[in-house]
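Shown next: target.txt, containing compact mmCIF, C-alpha atoms.
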# COMPACT_ATOMS: atom_id res chain seq x y z
CA MET A 14 108.62 99.07 116.67
CA ARG A 15 109.93 99.22 113.13
CA SER A 16 106.36 99.68 111.91
CA LEU A 17 105.86 102.61 114.23
CA LEU A 18 109.09 104.22 113.10
CA ARG A 19 108.20 103.66 109.43
CA LEU A 20 104.74 105.15 109.97
CA SER A 21 106.22 108.15 111.75
CA ALA A 22 108.68 108.69 108.90
CA ILE A 23 105.92 108.50 106.30
CA SER A 24 103.75 110.93 108.29
CA LEU A 25 106.66 113.31 108.63
CA SER A 26 107.32 113.13 104.89
CA VAL A 27 103.67 113.93 104.12
CA LEU A 28 103.78 116.90 106.49
CA MET A 29 106.99 118.15 104.92
CA ILE A 30 105.53 117.84 101.44
CA ALA A 31 102.38 119.65 102.52
CA GLY A 32 104.41 122.34 104.20
CA CYS A 33 106.55 122.82 101.12
CA SER A 34 103.63 122.95 98.66
CA ASP A 35 103.63 125.92 96.31
CA PRO A 36 101.80 128.99 97.63
CA LYS A 37 98.51 129.85 95.95
CA ILE A 38 96.70 133.05 95.18
CA ASP A 39 94.01 133.92 97.69
CA THR A 40 91.46 136.42 96.38
CA SER A 41 89.06 136.17 99.31
CA SER A 42 89.88 139.78 100.18
CA MET A 43 91.95 142.62 98.83
CA PRO A 44 94.68 142.37 101.50
CA ALA A 45 94.86 138.60 101.02
CA SER A 46 95.12 139.07 97.26
CA VAL A 47 98.01 141.54 97.55
CA VAL A 48 99.94 139.39 100.01
CA SER A 49 99.31 136.05 98.28
CA VAL A 50 100.19 137.35 94.81
CA GLU A 51 103.49 138.67 96.14
CA GLU A 52 104.19 135.37 97.92
CA VAL A 53 103.41 133.37 94.80
CA ARG A 54 105.62 135.63 92.69
CA ASN A 55 108.54 135.39 95.11
CA SER A 56 108.25 131.58 95.20
CA LEU A 57 108.99 131.40 91.47
CA PRO A 58 112.45 131.35 89.93
CA SER A 59 113.43 134.82 88.77
CA TYR A 60 113.21 133.83 85.09
CA LYS A 61 109.50 132.98 85.51
CA ARG A 62 108.41 136.13 87.28
CA ASP A 63 107.89 138.22 84.13
CA GLU A 64 105.75 135.41 82.71
CA PHE A 65 103.78 135.36 85.94
CA ASP A 66 103.21 139.14 85.81
CA GLN A 67 102.05 138.91 82.20
CA GLY A 68 99.88 135.93 83.06
CA LEU A 69 98.01 137.90 85.70
CA ILE A 70 97.27 140.64 83.16
CA ILE A 71 96.16 138.14 80.50
CA ILE A 72 93.78 136.36 82.88
CA ALA A 73 92.31 139.63 84.15
CA THR A 74 91.81 141.17 80.71
CA SER A 75 90.42 137.96 79.23
CA THR A 76 87.56 137.97 81.70
CA SER A 77 86.89 141.68 81.11
CA PHE A 78 85.89 140.80 77.55
CA SER A 79 84.66 137.23 77.54
CA GLY A 80 82.80 137.71 80.82
CA ILE A 81 80.45 140.34 79.36
CA ASP A 82 77.27 139.38 77.57
CA ILE A 83 76.80 142.17 75.03
CA LEU A 84 73.17 141.16 74.57
CA ASN A 85 72.45 141.59 78.28
CA PRO A 86 71.19 145.10 79.07
CA HIS A 87 72.61 144.79 82.62
CA ARG A 88 76.28 144.83 81.71
CA MET A 89 79.02 144.11 84.24
CA ASN A 90 80.59 147.11 85.92
CA ALA A 91 84.28 147.44 86.79
CA ALA A 92 83.85 145.83 90.22
CA GLU A 93 82.04 142.83 88.74
CA ILE A 94 84.73 142.42 86.11
CA ALA A 95 87.44 142.52 88.80
CA GLU A 96 85.50 139.98 90.85
CA THR A 97 85.27 137.65 87.85
CA ALA A 98 89.00 138.00 87.22
CA ASN A 99 89.72 137.23 90.88
CA ALA A 100 87.58 134.12 90.68
CA GLN A 101 89.65 132.97 87.69
CA MET A 102 92.90 133.32 89.68
CA HIS A 103 91.82 132.09 93.09
CA GLY A 104 93.70 129.02 94.23
CA LEU A 105 96.26 129.04 91.43
CA THR A 106 99.97 128.53 91.95
CA GLY A 107 102.49 130.55 90.01
CA ASP A 108 103.01 127.83 87.41
CA GLN A 109 99.25 127.39 87.08
CA VAL A 110 98.84 131.12 86.42
CA ILE A 111 101.40 130.88 83.61
CA GLN A 112 99.71 127.76 82.21
CA ARG A 113 96.24 129.30 82.41
CA ALA A 114 97.44 132.45 80.64
CA ASP A 115 99.09 130.37 77.93
CA GLN A 116 95.86 128.45 77.42
CA ILE A 117 93.88 131.71 77.19
CA LEU A 118 96.29 133.05 74.58
CA ARG A 119 96.08 129.86 72.52
CA GLU A 120 92.28 129.94 72.62
CA ARG A 121 92.25 133.64 71.76
CA ARG A 122 94.58 133.09 68.79
CA ALA A 123 92.44 130.19 67.60
CA ARG A 124 89.31 132.38 67.73
CA GLU A 125 91.10 135.22 65.93
CA ARG A 126 92.32 132.78 63.27
CA GLU A 127 88.83 131.38 62.72
CA GLN A 128 87.37 134.88 62.51
CA ALA A 129 90.09 135.96 60.08
CA ILE A 130 89.43 132.96 57.83
CA ARG A 131 85.69 133.63 57.90
CA THR A 132 86.37 137.25 56.93
CA LEU A 133 88.70 136.09 54.17
CA ARG A 134 86.04 133.76 52.81
CA ARG A 135 83.36 136.48 52.98
CA LEU A 136 85.51 139.00 51.13
CA GLU A 137 86.49 136.49 48.46
CA GLU A 138 82.86 135.53 47.95
CA LYS A 139 81.89 139.20 47.70
CA GLN A 140 84.68 139.84 45.20
CA ALA A 141 83.70 136.80 43.12
CA GLN A 142 80.02 137.78 43.13
CA ALA A 143 80.84 141.33 42.04
CA ALA A 144 83.02 140.00 39.21
CA SER A 145 80.26 137.60 38.13
CA ASP A 146 77.70 140.41 38.12
CA GLN A 147 79.99 142.63 36.07
CA GLN A 148 80.31 139.82 33.51
CA GLN A 149 76.53 139.55 33.34
CA LEU A 150 76.13 143.32 32.87
CA ALA A 151 78.79 143.30 30.14
CA ARG A 152 76.53 141.05 28.08
CA PHE A 153 74.16 144.01 27.67
CA THR A 154 75.96 146.22 25.19
CA ILE A 155 75.70 149.86 24.06
CA ASP A 156 76.31 149.33 20.34
CA SER A 157 76.23 152.99 19.33
CA ALA A 158 75.54 156.39 20.91
CA ARG A 159 75.17 159.77 19.24
CA TYR A 160 74.33 163.24 20.55
CA TYR A 161 73.10 166.15 18.49
CA ILE A 162 70.71 169.11 18.59
CA GLY A 163 67.54 168.47 16.64
CA ALA A 164 64.25 170.31 16.42
CA SER A 165 61.18 169.73 18.54
CA PRO A 166 57.72 169.37 16.96
CA TYR A 167 57.30 173.06 17.68
CA GLY A 168 60.55 174.02 15.93
CA ALA A 169 62.57 174.76 19.08
CA PRO A 170 66.13 173.32 19.39
CA GLU A 171 66.04 170.03 21.26
CA PRO A 172 68.90 167.75 22.37
CA VAL A 173 68.70 164.19 21.12
CA ILE A 174 70.47 160.99 22.18
CA ASP A 175 70.38 158.17 19.64
CA LEU A 176 71.08 154.78 21.16
CA GLU A 177 71.37 151.26 19.84
CA VAL A 178 71.59 148.47 22.41
CA THR A 179 71.63 144.69 22.44
CA ASN A 180 70.40 142.54 25.31
CA GLY A 181 72.85 139.65 25.44
CA THR A 182 71.70 138.56 28.89
CA ASP A 183 69.23 135.78 29.60
CA GLN A 184 66.65 138.08 31.23
CA ALA A 185 64.17 140.62 29.94
CA ILE A 186 65.18 144.19 30.81
CA ALA A 187 62.67 146.88 31.75
CA GLU A 188 64.91 149.81 32.64
CA LEU A 189 68.44 151.00 31.90
CA LEU A 190 70.61 153.06 34.25
CA LEU A 191 73.06 154.98 32.10
CA ARG A 192 75.79 157.58 32.29
CA GLY A 193 76.35 159.99 29.42
CA VAL A 194 79.50 162.05 28.87
CA VAL A 195 79.73 164.63 26.07
CA THR A 196 83.23 165.81 25.18
CA SER A 197 84.99 167.81 22.49
CA SER A 198 88.65 168.04 21.49
CA ASP A 199 88.93 171.72 22.37
CA ARG A 200 87.77 171.32 25.96
CA SER A 201 89.35 169.39 28.87
CA VAL A 202 86.16 169.36 30.96
CA PRO A 203 83.15 167.44 29.59
CA TRP A 204 80.21 169.49 28.41
CA VAL A 205 77.90 166.96 30.01
CA ASP A 206 78.55 164.26 32.60
CA GLU A 207 75.24 162.97 33.93
CA SER A 208 73.61 159.75 34.99
CA PHE A 209 70.11 159.09 33.69
CA TYR A 210 67.68 156.23 33.25
CA TYR A 211 65.42 155.00 30.50
CA VAL A 212 62.33 152.86 31.00
CA VAL A 213 62.05 150.59 27.98
CA PRO A 214 58.48 150.44 26.58
CA SER A 215 57.45 146.75 26.64
CA GLY A 216 60.99 145.83 27.74
CA ILE A 217 63.82 144.36 25.73
CA GLU A 218 63.96 140.59 25.49
CA PRO A 219 67.10 138.39 25.57
CA GLY A 220 68.92 138.53 22.25
CA GLU A 221 66.96 141.58 21.09
CA THR A 222 68.53 144.73 19.58
CA LEU A 223 66.64 148.04 19.75
CA GLU A 224 67.24 151.63 18.69
CA TRP A 225 65.88 154.71 20.43
CA SER A 226 65.98 158.47 20.10
CA LEU A 227 65.84 159.96 23.58
CA ALA A 228 65.05 163.58 24.40
CA PRO A 229 66.95 164.76 27.50
CA ASN A 230 65.91 167.93 29.29
CA ARG A 231 66.75 170.84 26.98
CA PHE A 232 66.83 173.22 29.94
CA GLY A 233 69.68 171.26 31.55
CA PRO A 234 73.32 170.76 30.46
CA TRP A 235 72.19 168.65 27.48
CA GLY A 236 70.58 171.73 25.96
CA ASN A 237 73.70 173.91 26.16
CA ALA A 238 73.82 175.79 22.86
CA GLN A 239 77.61 176.11 23.07
CA ILE A 240 78.18 172.36 22.63
CA PRO A 241 79.85 172.00 19.22
CA THR A 242 78.28 169.85 16.51
CA ASP A 243 81.30 167.54 16.45
CA ALA A 244 81.05 166.72 20.17
CA GLU A 245 81.25 163.03 21.00
CA LEU A 246 78.91 161.13 23.30
CA THR A 247 80.04 158.17 25.39
CA VAL A 248 77.32 156.18 27.15
CA THR A 249 78.16 153.56 29.76
CA LEU A 250 75.83 151.12 31.44
CA GLU A 251 75.57 151.55 35.21
CA GLY A 252 72.76 149.10 35.94
CA LEU A 253 69.75 147.17 34.73
CA LYS A 254 66.33 146.51 36.18
CA GLY A 255 64.03 143.61 35.46
CA GLY A 256 60.26 143.57 35.20
CA ASP A 257 59.92 143.64 38.99
CA GLU A 258 61.87 146.94 39.09
CA GLN A 259 64.66 145.29 41.08
CA LEU A 260 68.30 145.89 40.20
CA LEU A 261 69.94 142.98 38.41
CA TRP A 262 73.54 141.93 38.97
CA SER A 263 74.18 144.79 41.34
CA SER A 264 76.64 143.29 43.84
CA PRO A 265 79.05 146.06 44.88
CA GLU A 266 82.77 145.77 44.34
CA LEU A 267 85.14 145.70 47.30
CA THR A 268 86.07 149.06 48.75
CA GLU A 269 89.74 150.08 48.97
CA ARG A 270 89.71 149.22 52.66
CA GLU A 271 88.19 145.81 51.98
CA MET A 272 90.73 145.15 49.22
CA ALA A 273 93.60 146.00 51.57
CA LYS A 274 92.17 143.69 54.23
CA LEU A 275 91.68 140.91 51.67
CA GLU A 276 95.28 141.14 50.50
CA ARG A 277 96.56 141.09 54.07
CA LEU A 278 94.43 138.07 54.97
CA ARG A 279 95.48 136.24 51.81
CA GLU A 280 99.13 136.75 52.69
CA GLU A 281 98.60 135.40 56.19
CA TYR A 282 95.98 132.68 55.61
CA GLY A 283 96.06 132.07 51.86
CA GLY A 284 97.49 128.59 52.31
CA VAL A 285 94.93 127.56 54.92
CA ALA A 286 92.15 125.23 53.72
CA LEU A 287 88.89 127.10 54.21
CA SER A 288 86.60 124.11 53.95
CA GLY A 289 86.94 123.29 57.61
CA VAL A 290 85.81 126.71 58.84
CA GLU A 291 82.08 127.31 59.03

Turn the structure described in the file into structure tokens.
Amino acid sequence: MRSLLRLSAISLSVLMIAGCSDPKIDTSSMPASVVSVEEVRNSLPSYKRDEFDQGLIIIATSTSFSGIDILNPHRMNAAEIAETANAQMHGLTGDQVIQRADQILRERRAREREQAIRTLRRLEEKQAQAASDQQQLARFTIDSARYYIGASPYGAPEPVIDLEVTNGTDQAIAELLLRGVVTSSDRSVPWVDESFYYVVPSGIEPGETLEWSLAPNRFGPWGNAQIPTDAELTVTLEGLKGGDEQLLWSSPELTEREMAKLERLREEYGGVALSGVE
């Protein structure tokens, strides 16, 4: 008799526990979803209800992004996205919704952190490469530059650029990309500000110094007869090409936008070891 009573008490306890189990979200239909979500929300303590509401949004929006294959030409429409979100929430209690949303946020933050560190590494590598290339270019020097008006073989006035350069790099150079600026003390705007190139006959070998007299187009700004005889020429090196006609040491510097992003990422992740992020 005692055994029967004990069994009945245990059975009753199981039924009471089952009857008091937390309600779960049922997304089998729209009416069921609306009713079950409200029931689940009302079953929670009031201090958890805002978390629950936010959790529903997080779960729904997470599937709207991660559930889409951007390489698949048949992308999910709004109904398919909603269906995926419903599948993520079906059968969850209120606490499970909050836990699932928290897990999604942690995973999202981890992905964002990894992406940010990869971007930081890429920008730092780009900056370092640009600095290295600038150091290489600086080894090719413009030793002297002079501009004046000479005479052509036919006696006509002809602009002349005298250059002396030294190739301090470790590669033979076939072509120079240059920028020439002609100024005078009585004028705030340069007489000439032009980029030009010069193909070096037979190239210029490492360690070699050469002098040239170049003849720019006399019908362009270089041939302006109003340029005074005491005008000064400044020539800067903008690039070099090797024998294969490919630019050497031409990595671009960071843009202003990239620099701003780099500084922001350094402030946030500068202390993070990058070696563990591939």

Between atom CA of Glu207 of chain A and atom CA of Ile186 of chain A, what is the spacing in Å?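 Interatomic distance here is 21.5 Å.
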
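Counting all atoms listed in the file, Ala238 of chain A has the following residues at most 10 Å away, ignoring those fewer than 2 positions along the same chain: A:Ile162, A:Pro170, A:Glu171, A:Pro172, A:Arg231, A:Pro234, A:Trp235, A:Gly236, A:Ile240, A:Pro241, A:Thr242.
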
Have a look at atom CA of Glu269 of chain A and atom CA of Gly193 of chain A and let me know their distance in Å, one decimal.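 Pair atom CA of Glu269 of chain A / atom CA of Gly193 of chain A returns 25.7 Å.
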
Looking at all atoms listed in the file, which of A:Val53, A:Val213, A:Ala151, A:Ile117 is the one that sits closest to Gly104 of chain A?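 Looking at the shortest contact to Gly104 of chain A, the residue is A:Val53.
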
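Interatomic distance, atom CA of Asp108 of chain A against atom CA of Ile71 of chain A: 14.2 Å.
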
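When the distance limit is 8 Å and all atoms listed in the file are what count, the residues near Asp156 of chain A, minus those fewer than 6 positions from it on the same chain, are A:Leu176, A:Glu177, A:Val178, A:Thr179.
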
Trp262 of chain A proximity check over A:Leu136, A:Val205, A:Leu150, A:Ile155, using all atoms listed in the file: winner is A:Leu150

Can you pull out the residues contacting Ile217 of chain A? Cut-off 12 Å, using only C-alpha atoms, and skip same-chain residues under 3 positions away; I want them as a PyMOL selection string. chain A and resi 153+177-189+211-214+220-225+253-256

Could you tell me which of A:Asp199, A:Val110, A:Ala123, A:Leu246 comes closest to Ile174 of chain A if we count only C-alpha atoms? A:Leu246

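For the residues A:Thr106, A:Ser263, A:Gln112, A:Thr268, ranking by smallest atom-to-atom distance to Asp146 of chain A using all atoms listed in the file places A:Ser263 first.
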
Within 10 Å of (108.0, 130.3, 86.0), all atoms listed in the file: residues as a ChimeraX atom specification? /A:54,56-65,107-112

Identify, on the basis of all atoms listed in the file, every residue whose closest approach to Leu133 of chain A does not exceed 7 Å; exclude the query and any residue fewer than 4 positions from it along the same chain; express the result as a PDB file with C-alpha atoms, in the coordinates of the input.
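The new file part-v7.pdb reads:
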ATOM      1  CA  ALA A 129      90.090 135.960  60.080  1.00  0.00           C
ATOM      2  CA  GLU A 137      86.490 136.490  48.460  1.00  0.00           C
ATOM      3  CA  LEU A 275      91.680 140.910  51.670  1.00  0.00           C
ATOM      4  CA  LEU A 278      94.430 138.070  54.970  1.00  0.00           C
TER       5      LEU A 278
END

Asp206 of chain A: which residues within 12 Å, counting only C-alpha atoms, same-chain residues fewer than 4 positions away excluded, as number ranges by chain? A: 191-196, 202, 233-235, 245-249

Would you mind telling me which residue in A:Gln140, A:Gln101, A:Ser34, A:Ser201 lies nearest to Pro265 of chain A when using all atoms listed in the file?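 So, comparing all the options, the nearest one is A:Gln140.
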
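Closest approach to Pro166 of chain A among A:Ile130, A:Leu190, A:Ala228, A:Ile72 is made by A:Ala228 (distances from all atoms listed in the file).
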